[in-house]
Amino acid sequence: MNQTDILVTMTELQNPFLNFFALILTFLGNEEFYMIILPLVYWCISKTAGFRLFYVFLMSIYINAFFKIQFAVKRPIDIDGVNSIFLKSAEVGSHYPYDSFPSGHAQGSATLFGYLAYMIKKRSFWIFAIIIVFLISLSRLYSGLHWPTDVVVGISLAVVVLIIGIAIEKRVSKLSTNIKWILAIVFPIFLMIIFPEEEGIKYAGFLLGAGVGYLLEAQTNQMVIAKELWKKATAFIIGIVGLVAIQSGLKVVFPDAILFDFIRYAFVGLWGLYVAPLVFVLLKLYQSERSVPAPKDPTISG
């Protein structure tokens with residue numbers, strides 16, 4: 001059975017009931033979902049884990065976009081016998097419909113849930129992660145939007161990115177602050193040079209703003225995430241509103257040019273990792289490490 005036969009068989013299973021679940025799975029692999037989960041981890045769970053997840057994930061998506069444009073494989077749309085649905089979830093790249101390989105949904109979800117499983121280190125979550133990635137990937141075949149090889153290679157690339165990313169992050173964490181500053185600025189510019197397409201420019205800008213923001217936050221604001229759920233929820237809502245306002249607002253204000261896309265996404269990254277935490281502290285939702293009393297030394301009495 002060739003790839004077309006597999007897709008014909010898969011799309012023949014389409015019905016309103018399964019389409020509903022496929023739509024949910026499609027959302028779990030969309031940019032909108034990632035823009036909820038990534039800030040949620042950084043703002044409400046762990047700054048360090050959130051930043052590392054963000055960086056590994058963005059690098060994975062950057063590589064995915066680079067390969068899509070290099071290989072320019074046409075999606076299985078308008079193929080006899082293949083019924084493609086949820087086309088809007090595929091019309092996100094600048095080279096649609098020649099952006100099928102590898103699958104961004106498969107690679108993105110495998111990177112996200114794979115890294116979360118690595119951080120959480122629980123067998124139950126590993127099982128959940130494997131199942132959800134499998135279902136999201138399967139939904140792309142069911143929806144008739146990707147070839148089977150797109151999905152297999154997407155997951156494989158995610159595994160490679162995770163292995164390399166986890167190994168590198170341990171080394172980078174030991175570097176001096178000055179070296180980290182150099183990497184935060186030079187590395188995104190290097191990425192922009194080797195991938196000067198719309199996606200490459202945006203992701204490079206995002207990484208630049210995020211890297212600079214994270215270092216500024218660590219050196220100045222030093223946010224301490226509160227334990228109270230209502231404070232986390234309030235901070236998250238404020239952060240998301242600001243994120244959307246900057247991304248959408250600057251898109252209206254700035255000229256339609258790649259350079260301004262780079263600047264816009266750099267501001268989005270800077271907001272997410274520095275300005276939003278600064279706002280949370282100023283609003284007294286969270287404290288700053290500088291204002292948190294140091295624990296008393298139990299060896300000192302009286």
# chains A, B, ... in the order shown; residues from 1 in each chain; ligands from 1
$ residues_around --residues "A:Pro102" --least-positions-apart "5" --cutoff "12 Å" --atoms "only C-alpha atoms" --output "ChimeraX atom specification"
/A:60-75,107-108,137,140,145-158
$ select_by_dssp --residues "stretch 72-294 of chain A" --states "strand (DSSP E)" --output "list in words"
Met223, Val224, Gln287 and Ser288 of chain A
$ write_last_selection --atoms "N, CA and C atoms" --output "short mmCIF file (atom, residue, chain, number, x, y, z; two decimals), in the first residue's frame"
data_model
loop_
_atom_site.label_atom_id
_atom_site.label_comp_id
_atom_site.auth_asym_id
_atom_site.auth_seq_id
_atom_site.Cartn_x
_atom_site.Cartn_y
_atom_site.Cartn_z
N MET A 223 11.63 37.72 39.14
CA MET A 223 10.27 37.34 39.55
C MET A 223 10.25 36.00 40.29
N VAL A 224 9.45 35.96 41.34
CA VAL A 224 9.20 34.73 42.09
C VAL A 224 7.72 34.38 41.90
N GLN A 287 6.24 38.39 43.76
CA GLN A 287 7.32 39.11 44.43
C GLN A 287 8.59 39.03 43.61
N SER A 288 9.53 39.87 43.99
CA SER A 288 10.86 39.82 43.40
C SER A 288 11.78 39.11 44.39
#
$ select_by_dssp --residues "stretch 75-259 of chain A" --states "alpha helix (DSSP H)" --output "VMD selection string"
chain A and resid 104 to 120 123 to 142 148 to 172 177 to 194 198 to 216 229 to 253 258 to 259
$ closest_residue --among "A:Ile132, A:Ala22, A:Leu282, A:Val186" --to "A:Ile85" --atoms "only C-alpha atoms"
A:Ala22
$ atom_distance --atom1 "atom CA of A:Pro277" --atom2 "atom CA of A:Val172"
23.0 Å
$ residues_around --residues "A:Lys47" --least-positions-apart "4" --cutoff "10 Å" --atoms "only C-alpha atoms" --output "ChimeraX atom specification"
/A:39-43,51-53,214,217-218,222-225,273,277
$ write_last_selection --atoms "C-alpha atoms" --output "short mmCIF file (atom, residue, chain, number, x, y, z; two decimals), in the first residue's frame"
data_model
loop_
_atom_site.label_atom_id
_atom_site.label_comp_id
_atom_site.auth_asym_id
_atom_site.auth_seq_id
_atom_site.Cartn_x
_atom_site.Cartn_y
_atom_site.Cartn_z
CA PRO A 39 3.82 31.30 28.54
CA LEU A 40 1.85 29.27 31.06
CA VAL A 41 4.94 27.27 32.02
CA TYR A 42 7.19 30.34 32.21
CA TRP A 43 4.76 32.65 34.03
CA PHE A 51 12.65 29.32 29.11
CA ARG A 52 14.35 26.05 28.20
CA LEU A 53 11.11 24.63 26.84
CA TYR A 214 15.27 36.24 30.05
CA GLU A 217 14.68 39.36 34.03
CA ALA A 218 17.30 37.28 35.81
CA GLN A 222 13.95 38.33 39.45
CA MET A 223 10.27 37.34 39.55
CA VAL A 224 9.20 34.73 42.09
CA ILE A 225 6.07 32.87 40.97
CA LEU A 273 10.08 36.91 29.20
CA PRO A 277 7.08 39.45 34.67
#
$ closest_residue --among "A:Gly93, A:Val159, A:Phe33, A:Ile77" --to "A:Gly114" --atoms "only C-alpha atoms"
A:Val159
$ residues_around --residues "A:Val279" --least-positions-apart "6" --cutoff "10 Å" --atoms "only C-alpha atoms" --output "PyMOL selection string"
chain A and resi 221+223+235+238-239+271+285-286
$ write_last_selection --atoms "N, CA and C atoms" --output "mmCIF file, in the first residue's frame"
data_model
loop_
_atom_site.group_PDB
_atom_site.id
_atom_site.type_symbol
_atom_site.label_atom_id
_atom_site.label_comp_id
_atom_site.auth_asym_id
_atom_site.auth_seq_id
_atom_site.Cartn_x
_atom_site.Cartn_y
_atom_site.Cartn_z
ATOM 1 N N ASN A 221 14.684 42.083 37.521
ATOM 2 C CA ASN A 221 13.373 41.883 38.138
ATOM 3 C C ASN A 221 13.336 40.683 39.095
ATOM 4 N N MET A 223 11.630 37.715 39.139
ATOM 5 C CA MET A 223 10.273 37.337 39.548
ATOM 6 C C MET A 223 10.247 36.003 40.294
ATOM 7 N N ALA A 235 -2.136 36.835 36.526
ATOM 8 C CA ALA A 235 -0.902 37.134 35.807
ATOM 9 C C ALA A 235 -0.952 36.566 34.390
ATOM 10 N N ILE A 238 -3.270 38.713 32.163
ATOM 11 C CA ILE A 238 -2.609 39.983 31.827
ATOM 12 C C ILE A 238 -1.518 39.744 30.784
ATOM 13 N N GLY A 239 -0.744 38.684 30.996
ATOM 14 C CA GLY A 239 0.340 38.378 30.073
ATOM 15 C C GLY A 239 -0.147 38.065 28.673
ATOM 16 N N TRP A 271 8.420 41.016 25.684
ATOM 17 C CA TRP A 271 7.264 41.130 26.579
ATOM 18 C C TRP A 271 7.088 39.842 27.394
ATOM 19 N N LEU A 285 1.361 40.968 42.154
ATOM 20 C CA LEU A 285 0.851 39.610 42.000
ATOM 21 C C LEU A 285 1.951 38.626 42.379
ATOM 22 N N TYR A 286 3.172 38.954 41.968
ATOM 23 C CA TYR A 286 4.353 38.157 42.298
ATOM 24 C C TYR A 286 5.351 39.035 43.039
#
$ residues_around --residues "stretch 5-11 of chain A" --least-positions-apart "5" --cutoff "7 Å" --atoms "only C-alpha atoms" --output "JSON, numbers by chain"
{"A": [81, 82, 83, 141, 142, 143, 144]}
